[in-house]
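Colleague: Below is the file target10.pdb, with PDB, C-alpha atoms, pLDDT in the B column.
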```
MODEL        1
ATOM      1  CA  MET A   1      65.333 -65.347-108.293  1.00 80.00           C
ATOM      2  CA  ILE A   2      62.898 -63.148-106.349  1.00 89.00           C
ATOM      3  CA  ALA A   3      64.160 -64.555-103.032  1.00 90.00           C
ATOM      4  CA  SER A   4      67.750 -63.824-104.059  1.00 89.00           C
ATOM      5  CA  LEU A   5      66.841 -60.223-104.934  1.00 92.00           C
ATOM      6  CA  ILE A   6      65.143 -59.774-101.556  1.00 95.00           C
ATOM      7  CA  ILE A   7      68.187 -61.133 -99.722  1.00 94.00           C
ATOM      8  CA  ILE A   8      70.490 -58.889-101.757  1.00 95.00           C
ATOM      9  CA  GLY A   9      68.283 -55.917-100.871  1.00 96.00           C
ATOM     10  CA  VAL A  10      68.435 -56.790 -97.170  1.00 95.00           C
ATOM     11  CA  PHE A  11      72.231 -57.136 -97.356  1.00 95.00           C
ATOM     12  CA  ILE A  12      72.509 -53.729 -99.039  1.00 96.00           C
ATOM     13  CA  VAL A  13      70.270 -52.052 -96.441  1.00 96.00           C
ATOM     14  CA  LEU A  14      72.220 -53.655 -93.584  1.00 95.00           C
ATOM     15  CA  GLY A  15      75.476 -52.682 -95.306  1.00 95.00           C
ATOM     16  CA  ILE A  16      74.376 -49.049 -95.490  1.00 96.00           C
ATOM     17  CA  ILE A  17      73.373 -49.055 -91.818  1.00 95.00           C
ATOM     18  CA  LEU A  18      76.753 -50.512 -90.869  1.00 95.00           C
ATOM     19  CA  LEU A  19      78.649 -48.138 -93.185  1.00 95.00           C
ATOM     20  CA  ASN A  20      77.159 -45.280 -91.181  1.00 95.00           C
ATOM     21  CA  GLY A  21      78.814 -46.702 -88.053  1.00 90.00           C
ATOM     22  CA  LYS A  22      75.518 -47.885 -86.584  1.00 91.00           C
ATOM     23  CA  GLY A  23      74.069 -51.315 -85.980  1.00 89.00           C
ATOM     24  CA  SER A  24      76.803 -52.983 -83.957  1.00 88.00           C
ATOM     25  CA  PHE A  25      74.061 -55.129 -82.405  1.00 88.00           C
ATOM     26  CA  LEU A  26      73.804 -56.839 -85.808  1.00 88.00           C
ATOM     27  CA  ILE A  27      77.368 -58.177 -85.665  1.00 88.00           C
ATOM     28  CA  ALA A  28      77.351 -61.746 -84.372  1.00 85.00           C
ATOM     29  CA  GLY A  29      79.777 -62.320 -81.546  1.00 85.00           C
ATOM     30  CA  PHE A  30      80.236 -58.628 -80.868  1.00 87.00           C
ATOM     31  CA  ASN A  31      76.652 -58.227 -79.699  1.00 85.00           C
ATOM     32  CA  THR A  32      77.127 -60.961 -77.084  1.00 89.00           C
ATOM     33  CA  LEU A  33      80.200 -59.392 -75.462  1.00 88.00           C
ATOM     34  CA  PRO A  34      79.853 -57.889 -71.999  1.00 90.00           C
ATOM     35  CA  LYS A  35      79.664 -54.080 -71.929  1.00 89.00           C
ATOM     36  CA  GLU A  36      83.212 -53.803 -70.517  1.00 90.00           C
ATOM     37  CA  GLU A  37      84.597 -55.832 -73.436  1.00 88.00           C
ATOM     38  CA  LYS A  38      82.633 -53.852 -76.043  1.00 88.00           C
ATOM     39  CA  GLU A  39      84.195 -50.638 -74.744  1.00 89.00           C
ATOM     40  CA  LYS A  40      87.629 -51.949 -75.739  1.00 89.00           C
ATOM     41  CA  TYR A  41      86.669 -51.911 -79.435  1.00 90.00           C
ATOM     42  CA  ASP A  42      86.343 -49.123 -81.969  1.00 91.00           C
ATOM     43  CA  THR A  43      82.722 -49.880 -82.736  1.00 91.00           C
ATOM     44  CA  THR A  44      82.472 -47.364 -85.578  1.00 92.00           C
ATOM     45  CA  ALA A  45      85.476 -48.811 -87.432  1.00 92.00           C
ATOM     46  CA  LEU A  46      84.179 -52.357 -86.952  1.00 93.00           C
ATOM     47  CA  CYS A  47      80.718 -51.389 -88.227  1.00 94.00           C
ATOM     48  CA  LYS A  48      82.161 -49.617 -91.269  1.00 95.00           C
ATOM     49  CA  PHE A  49      84.305 -52.625 -92.159  1.00 95.00           C
ATOM     50  CA  MET A  50      81.379 -55.003 -91.787  1.00 95.00           C
ATOM     51  CA  GLY A  51      79.249 -52.670 -93.910  1.00 96.00           C
ATOM     52  CA  LYS A  52      81.805 -52.829 -96.712  1.00 97.00           C
ATOM     53  CA  MET A  53      81.799 -56.603 -96.464  1.00 96.00           C
ATOM     54  CA  MET A  54      77.982 -56.719 -96.612  1.00 96.00           C
ATOM     55  CA  ILE A  55      78.016 -54.623 -99.793  1.00 97.00           C
ATOM     56  CA  ALA A  56      80.719 -56.882-101.274  1.00 97.00           C
ATOM     57  CA  LEU A  57      78.707 -59.990-100.371  1.00 97.00           C
ATOM     58  CA  SER A  58      75.605 -58.513-101.988  1.00 97.00           C
ATOM     59  CA  PHE A  59      77.641 -57.900-105.160  1.00 96.00           C
ATOM     60  CA  SER A  60      78.773 -61.520-105.231  1.00 96.00           C
ATOM     61  CA  MET A  61      75.168 -62.661-104.755  1.00 96.00           C
ATOM     62  CA  SER A  62      74.075 -60.404-107.614  1.00 96.00           C
ATOM     63  CA  LEU A  63      76.310 -62.530-109.851  1.00 96.00           C
ATOM     64  CA  TRP A  64      74.064 -65.474-108.946  1.00 95.00           C
ATOM     65  CA  VAL A  65      71.017 -63.551-110.151  1.00 95.00           C
ATOM     66  CA  PHE A  66      72.745 -62.482-113.371  1.00 95.00           C
ATOM     67  CA  SER A  67      73.821 -66.075-113.924  1.00 95.00           C
ATOM     68  CA  GLU A  68      70.241 -67.261-113.656  1.00 94.00           C
ATOM     69  CA  ALA A  69      68.835 -64.436-115.783  1.00 94.00           C
ATOM     70  CA  LEU A  70      71.448 -64.772-118.526  1.00 95.00           C
ATOM     71  CA  LYS A  71      71.789 -68.581-118.286  1.00 95.00           C
ATOM     72  CA  VAL A  72      75.564 -68.225-117.851  1.00 95.00           C
ATOM     73  CA  ARG A  73      76.837 -70.874-115.426  1.00 96.00           C
ATOM     74  CA  TRP A  74      80.339 -69.427-114.952  1.00 96.00           C
ATOM     75  CA  LEU A  75      78.907 -66.238-113.406  1.00 95.00           C
ATOM     76  CA  PHE A  76      77.338 -68.360-110.686  1.00 96.00           C
ATOM     77  CA  ILE A  77      80.633 -70.144-110.026  1.00 97.00           C
ATOM     78  CA  ILE A  78      82.521 -66.834-109.818  1.00 97.00           C
ATOM     79  CA  GLY A  79      79.843 -65.483-107.457  1.00 96.00           C
ATOM     80  CA  VAL A  80      80.060 -68.494-105.151  1.00 97.00           C
ATOM     81  CA  VAL A  81      83.878 -68.461-105.077  1.00 98.00           C
ATOM     82  CA  LEU A  82      83.851 -64.712-104.385  1.00 97.00           C
ATOM     83  CA  PHE A  83      81.216 -65.113-101.656  1.00 97.00           C
ATOM     84  CA  ILE A  84      83.111 -67.891 -99.869  1.00 98.00           C
ATOM     85  CA  SER A  85      86.409 -66.015-100.235  1.00 98.00           C
ATOM     86  CA  LEU A  86      84.879 -62.861 -98.746  1.00 97.00           C
ATOM     87  CA  VAL A  87      83.442 -64.785 -95.803  1.00 96.00           C
ATOM     88  CA  PHE A  88      86.798 -66.405 -95.013  1.00 97.00           C
ATOM     89  CA  PHE A  89      88.658 -63.100 -95.484  1.00 97.00           C
ATOM     90  CA  THR A  90      86.233 -61.330 -93.156  1.00 94.00           C
ATOM     91  CA  LEU A  91      86.499 -64.001 -90.474  1.00 92.00           C
ATOM     92  CA  PHE A  92      90.295 -63.972 -90.664  1.00 94.00           C
ATOM     93  CA  TYR A  93      90.658 -60.177 -90.804  1.00 94.00           C
ATOM     94  CA  VAL A  94      88.284 -59.424 -87.936  1.00 90.00           C
ATOM     95  CA  ASN A  95      89.553 -62.159 -85.613  1.00 87.00           C
ATOM     96  CA  THR A  96      93.305 -61.611 -85.983  1.00 88.00           C
ATOM     97  CA  GLY A  97      95.610 -58.750 -85.163  1.00 86.00           C
ATOM     98  CA  ASP A  98      93.318 -56.793 -82.804  1.00 86.00           C
ATOM     99  CA  ARG A  99      92.606 -54.410 -85.699  1.00 89.00           C
ATOM    100  CA  PHE A 100      89.485 -52.978 -84.130  1.00 89.00           C
ATOM    101  CA  LYS A 101      90.727 -52.607 -80.564  1.00 88.00           C
ATOM    102  CA  LYS A 102      91.026 -49.074 -79.234  1.00 83.00           C
ATOM    103  CA  GLU A 103      94.579 -47.804 -78.707  1.00 77.00           C
ATOM    104  CA  ASN A 104      94.186 -47.015 -75.010  1.00 64.00           C
ATOM    105  CA  HIS A 105      93.227 -50.566 -73.993  1.00 53.00           C
TER     106      HIS A 105
ENDMDL
END
```
Please go through the file and, once you have read it, give me the structure as structure tokens.
Modeller:
Amino acid sequence: MIASLIIIGVFIVLGIILLNGKGSFLIAGFNTLPKEEKEKYDTTALCKFMGKMMIALSFSMSLWVFSEALKVRWLFIIGVVLFISLVFFTLFYVNTGDRFKKENH
């Protein structure tokens, strides 16, 4: 349970950094793009979205901790389903529709 709390804390801290529009180097895939490609994206909007997702993921992981503390199995199941759903939603949302591309490119 201690390890889960530490991971949740790290996710919250990273989420706050991203919510402030900073930390784009933390976003996998984006940090490996060439500089010319990165300039085509609204980095602040992408960071803010990823920050919201990090906070949401930390909430779903907190259900795991509550499940263990309260000995309520269904909380764990809801947390896992929510976590997996958020990951798939994030992957789909970010990689389709050019939502984070700047208008002038």
Colleague: Run the PyMOL selection byres ((chain A and resi 34-47) around 10) against the file shown and list the residues it catches, as a ChimeraX atom specification.
Modeller: /A:15-27,30-33,48-53,94,98-105
Colleague: With C-alpha atoms retained, export the selected residues as an mmCIF file, keeping the file's coordinate frame.
Modeller:
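That gives us part.cif:
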```cif
data_model
loop_
_atom_site.group_PDB
_atom_site.id
_atom_site.type_symbol
_atom_site.label_atom_id
_atom_site.label_comp_id
_atom_site.auth_asym_id
_atom_site.auth_seq_id
_atom_site.Cartn_x
_atom_site.Cartn_y
_atom_site.Cartn_z
ATOM 1 C CA GLY A 15 75.476 -52.682 -95.306
ATOM 2 C CA ILE A 16 74.376 -49.049 -95.490
ATOM 3 C CA ILE A 17 73.373 -49.055 -91.818
ATOM 4 C CA LEU A 18 76.753 -50.512 -90.869
ATOM 5 C CA LEU A 19 78.649 -48.138 -93.185
ATOM 6 C CA ASN A 20 77.159 -45.280 -91.181
ATOM 7 C CA GLY A 21 78.814 -46.702 -88.053
ATOM 8 C CA LYS A 22 75.518 -47.885 -86.584
ATOM 9 C CA GLY A 23 74.069 -51.315 -85.980
ATOM 10 C CA SER A 24 76.803 -52.983 -83.957
ATOM 11 C CA PHE A 25 74.061 -55.129 -82.405
ATOM 12 C CA LEU A 26 73.804 -56.839 -85.808
ATOM 13 C CA ILE A 27 77.368 -58.177 -85.665
ATOM 14 C CA PHE A 30 80.236 -58.628 -80.868
ATOM 15 C CA ASN A 31 76.652 -58.227 -79.699
ATOM 16 C CA THR A 32 77.127 -60.961 -77.084
ATOM 17 C CA LEU A 33 80.200 -59.392 -75.462
ATOM 18 C CA LYS A 48 82.161 -49.617 -91.269
ATOM 19 C CA PHE A 49 84.305 -52.625 -92.159
ATOM 20 C CA MET A 50 81.379 -55.003 -91.787
ATOM 21 C CA GLY A 51 79.249 -52.670 -93.910
ATOM 22 C CA LYS A 52 81.805 -52.829 -96.712
ATOM 23 C CA MET A 53 81.799 -56.603 -96.464
ATOM 24 C CA VAL A 94 88.284 -59.424 -87.936
ATOM 25 C CA ASP A 98 93.318 -56.793 -82.804
ATOM 26 C CA ARG A 99 92.606 -54.410 -85.699
ATOM 27 C CA PHE A 100 89.485 -52.978 -84.130
ATOM 28 C CA LYS A 101 90.727 -52.607 -80.564
ATOM 29 C CA LYS A 102 91.026 -49.074 -79.234
ATOM 30 C CA GLU A 103 94.579 -47.804 -78.707
ATOM 31 C CA ASN A 104 94.186 -47.015 -75.010
ATOM 32 C CA HIS A 105 93.227 -50.566 -73.993
#
```
Colleague: Which residues are close to stretch 80-85 of chain A, i.e. within 12 Å by only C-alpha atoms, leaving aside same-chain residues fewer than 2 positions away? Reply as an MDAnalysis selection string.
Modeller: chainID A and resid 53:65 67 73:78 87:93
Colleague: Padding of 4 Å on every side, edges along x, y and z, all listed atoms of stretch 82-91 of chain A included: what centre and edge lengths in Å, to one decimal, does that box have, as JSON?
Modeller:
```
{"center_x": 84.9, "center_y": -64.6, "center_z": -97.4, "size_x": 15.4, "size_y": 14.6, "size_z": 21.9}
```
Colleague: Report, in Å with one decimal, the straight-line distance from atom CA of A:Phe11 to atom CA of A:Ala28.
Modeller: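 These two atoms are separated by 14.7 Å.
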Colleague: What's the separation between atom CA of A:Asn95 and atom CA of A:Gly29, in Å to one decimal place?
Modeller: 10.6 Å
Colleague: What gap, in Å, lies between atom CA of A:Gly9 and atom CA of A:Val72?
Modeller: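 Atom CA of A:Gly9 sits 22.2 Å away from atom CA of A:Val72.
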